[in-house]
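Below: start_37.txt (compact mmCIF, C-alpha atoms)
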```
# COMPACT_ATOMS: atom_id res chain seq x y z
CA MET R 450 -17.59 -5.16 -2.63
CA SER R 451 -13.86 -5.59 -2.25
CA ILE R 452 -12.18 -8.98 -2.43
CA TYR R 453 -9.55 -7.79 0.05
CA SER R 454 -10.03 -6.46 3.56
CA ILE R 455 -8.30 -3.46 5.03
CA GLU R 456 -6.84 -5.81 7.66
CA GLU R 457 -5.25 -7.95 4.92
CA TYR R 458 -3.83 -4.78 3.37
CA ARG R 459 -2.36 -3.63 6.68
CA THR R 460 -0.86 -7.07 7.30
CA LEU R 461 0.82 -7.06 3.88
CA CYS R 462 2.19 -3.54 4.48
CA MET R 463 3.56 -4.67 7.85
CA MET R 464 5.17 -7.72 6.21
CA ILE R 465 6.81 -5.52 3.56
CA ALA R 466 8.09 -3.12 6.23
CA LYS R 467 9.60 -5.97 8.25
CA GLY R 468 11.02 -7.78 5.24
CA VAL R 469 8.99 -10.91 5.98
CA THR R 470 7.97 -13.06 3.00
CA SER R 471 6.08 -15.79 4.88
CA LEU R 472 3.22 -15.64 7.38
CA GLU R 473 0.79 -18.06 9.01
CA VAL R 474 -2.76 -16.86 9.68
CA ASN R 475 -5.51 -19.11 11.07
CA GLY R 476 -3.48 -22.21 10.24
CA GLU R 477 -2.97 -21.12 6.61
CA ARG R 478 0.59 -20.40 5.51
CA VAL R 479 1.16 -17.68 2.91
CA THR R 480 4.57 -17.39 1.27
CA TYR R 481 5.47 -14.77 -1.33
CA ARG R 482 8.24 -15.38 -3.87
CA SER R 483 9.75 -11.91 -3.69
CA LEU R 484 9.37 -8.32 -2.56
CA SER R 485 8.36 -7.33 -6.10
CA GLU R 486 5.47 -9.81 -5.96
CA MET R 487 4.37 -8.36 -2.62
CA LEU R 488 4.49 -4.80 -3.99
CA ARG R 489 2.45 -5.86 -7.03
CA ILE R 490 -0.21 -7.43 -4.80
CA LYS R 491 -0.16 -4.34 -2.56
CA ALA R 492 -0.92 -2.18 -5.62
CA LEU R 493 -3.80 -4.52 -6.56
CA MET R 494 -5.17 -4.24 -3.02
CA GLU R 495 -4.92 -0.44 -3.09
CA THR R 496 -6.89 -0.33 -6.34
CA ASP R 497 -9.49 -2.77 -5.06
CA LEU R 498 -9.91 -0.95 -1.75
CA GLY R 499 -10.05 2.48 -3.37
CA LEU R 500 -6.72 3.53 -1.93
CA ALA R 501 -4.89 3.84 -5.26
CA GLY R 502 -3.37 7.25 -5.79
CA ALA R 503 -3.82 8.25 -2.17
CA ALA R 504 -0.65 6.62 -0.91
CA GLY R 505 2.53 8.42 -1.75
CA ARG R 506 0.84 11.42 -3.34
CA THR R 507 2.06 14.71 -2.01
CA ARG R 508 0.62 18.12 -2.60
CA GLN R 509 3.00 20.77 -3.86
CA GLN R 510 2.52 24.41 -3.02
CA TYR R 511 4.25 27.25 -4.80
CA PRO R 512 4.72 30.72 -3.32
CA VAL R 513 3.11 33.64 -5.09
CA TYR R 514 4.77 37.05 -5.05
CA ARG R 515 3.01 40.30 -5.84
CA LYS R 516 4.60 43.65 -6.30
CA GLU R 517 2.27 46.34 -5.00
```
Show this structure as structure tokens.
Amino acid sequence: MSIYSIEEYRTLCMMIAKGVTSLEVNGERVTYRSLSEMLRIKALMETDLGLAGAAGRTRQQYPVYRKE
């Protein structure tokens, strides 16, 4: 079982996208020290939720030519 929820992950991603480092949820205030700390925690969440490697990975395709 994961210690993070997908909703927490989405909230953190939204905070990173908006440039927000502080948030209040259910009366609890969470403040991050820096963007680098937020990105580190995001990577931990991705690993914990089984999302690691999926984000940002692109598939490359190469053309194949045949002379017939």
Residues near R:Ile452, anyone? I mean within 12 Å using all atoms listed in the file, not counting same-chain ones fewer than 3 positions away, as a PyMOL selection string.
chain R and resi 455-458+493-499
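Note that the spacing between atom CA of R:Leu461 and atom CA of R:Glu477 amounts to 14.8 Å.
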Which is closer to R:Arg489 than all the others in R:Gln509, R:Lys516, R:Leu472, R:Cys462, using all atoms listed in the file?
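Between R:Gln509, R:Lys516, R:Leu472, R:Cys462, the residue approaching R:Arg489 most closely is R:Cys462.
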In terms of the shortest atom-to-atom distance over all atoms listed in the file, which of R:Met464, R:Met450, R:Val513, R:Leu500 is closest to R:Val479?
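Smallest separation from R:Val479 among the options: R:Met464.
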Skipping near chain neighbours, those fewer than 4 positions away, what residues fall within 8 Å of R:Thr470 using all atoms listed in the file, listed as a short mmCIF file (atom, residue, chain, number, x, y, z; two decimals) with C-alpha atoms, in the coordinates of the input?
```cif
data_model
loop_
_atom_site.label_atom_id
_atom_site.label_comp_id
_atom_site.auth_asym_id
_atom_site.auth_seq_id
_atom_site.Cartn_x
_atom_site.Cartn_y
_atom_site.Cartn_z
CA MET R 464 5.17 -7.72 6.21
CA ILE R 465 6.81 -5.52 3.56
CA THR R 480 4.57 -17.39 1.27
CA TYR R 481 5.47 -14.77 -1.33
CA ARG R 482 8.24 -15.38 -3.87
CA SER R 483 9.75 -11.91 -3.69
CA LEU R 484 9.37 -8.32 -2.56
#
```
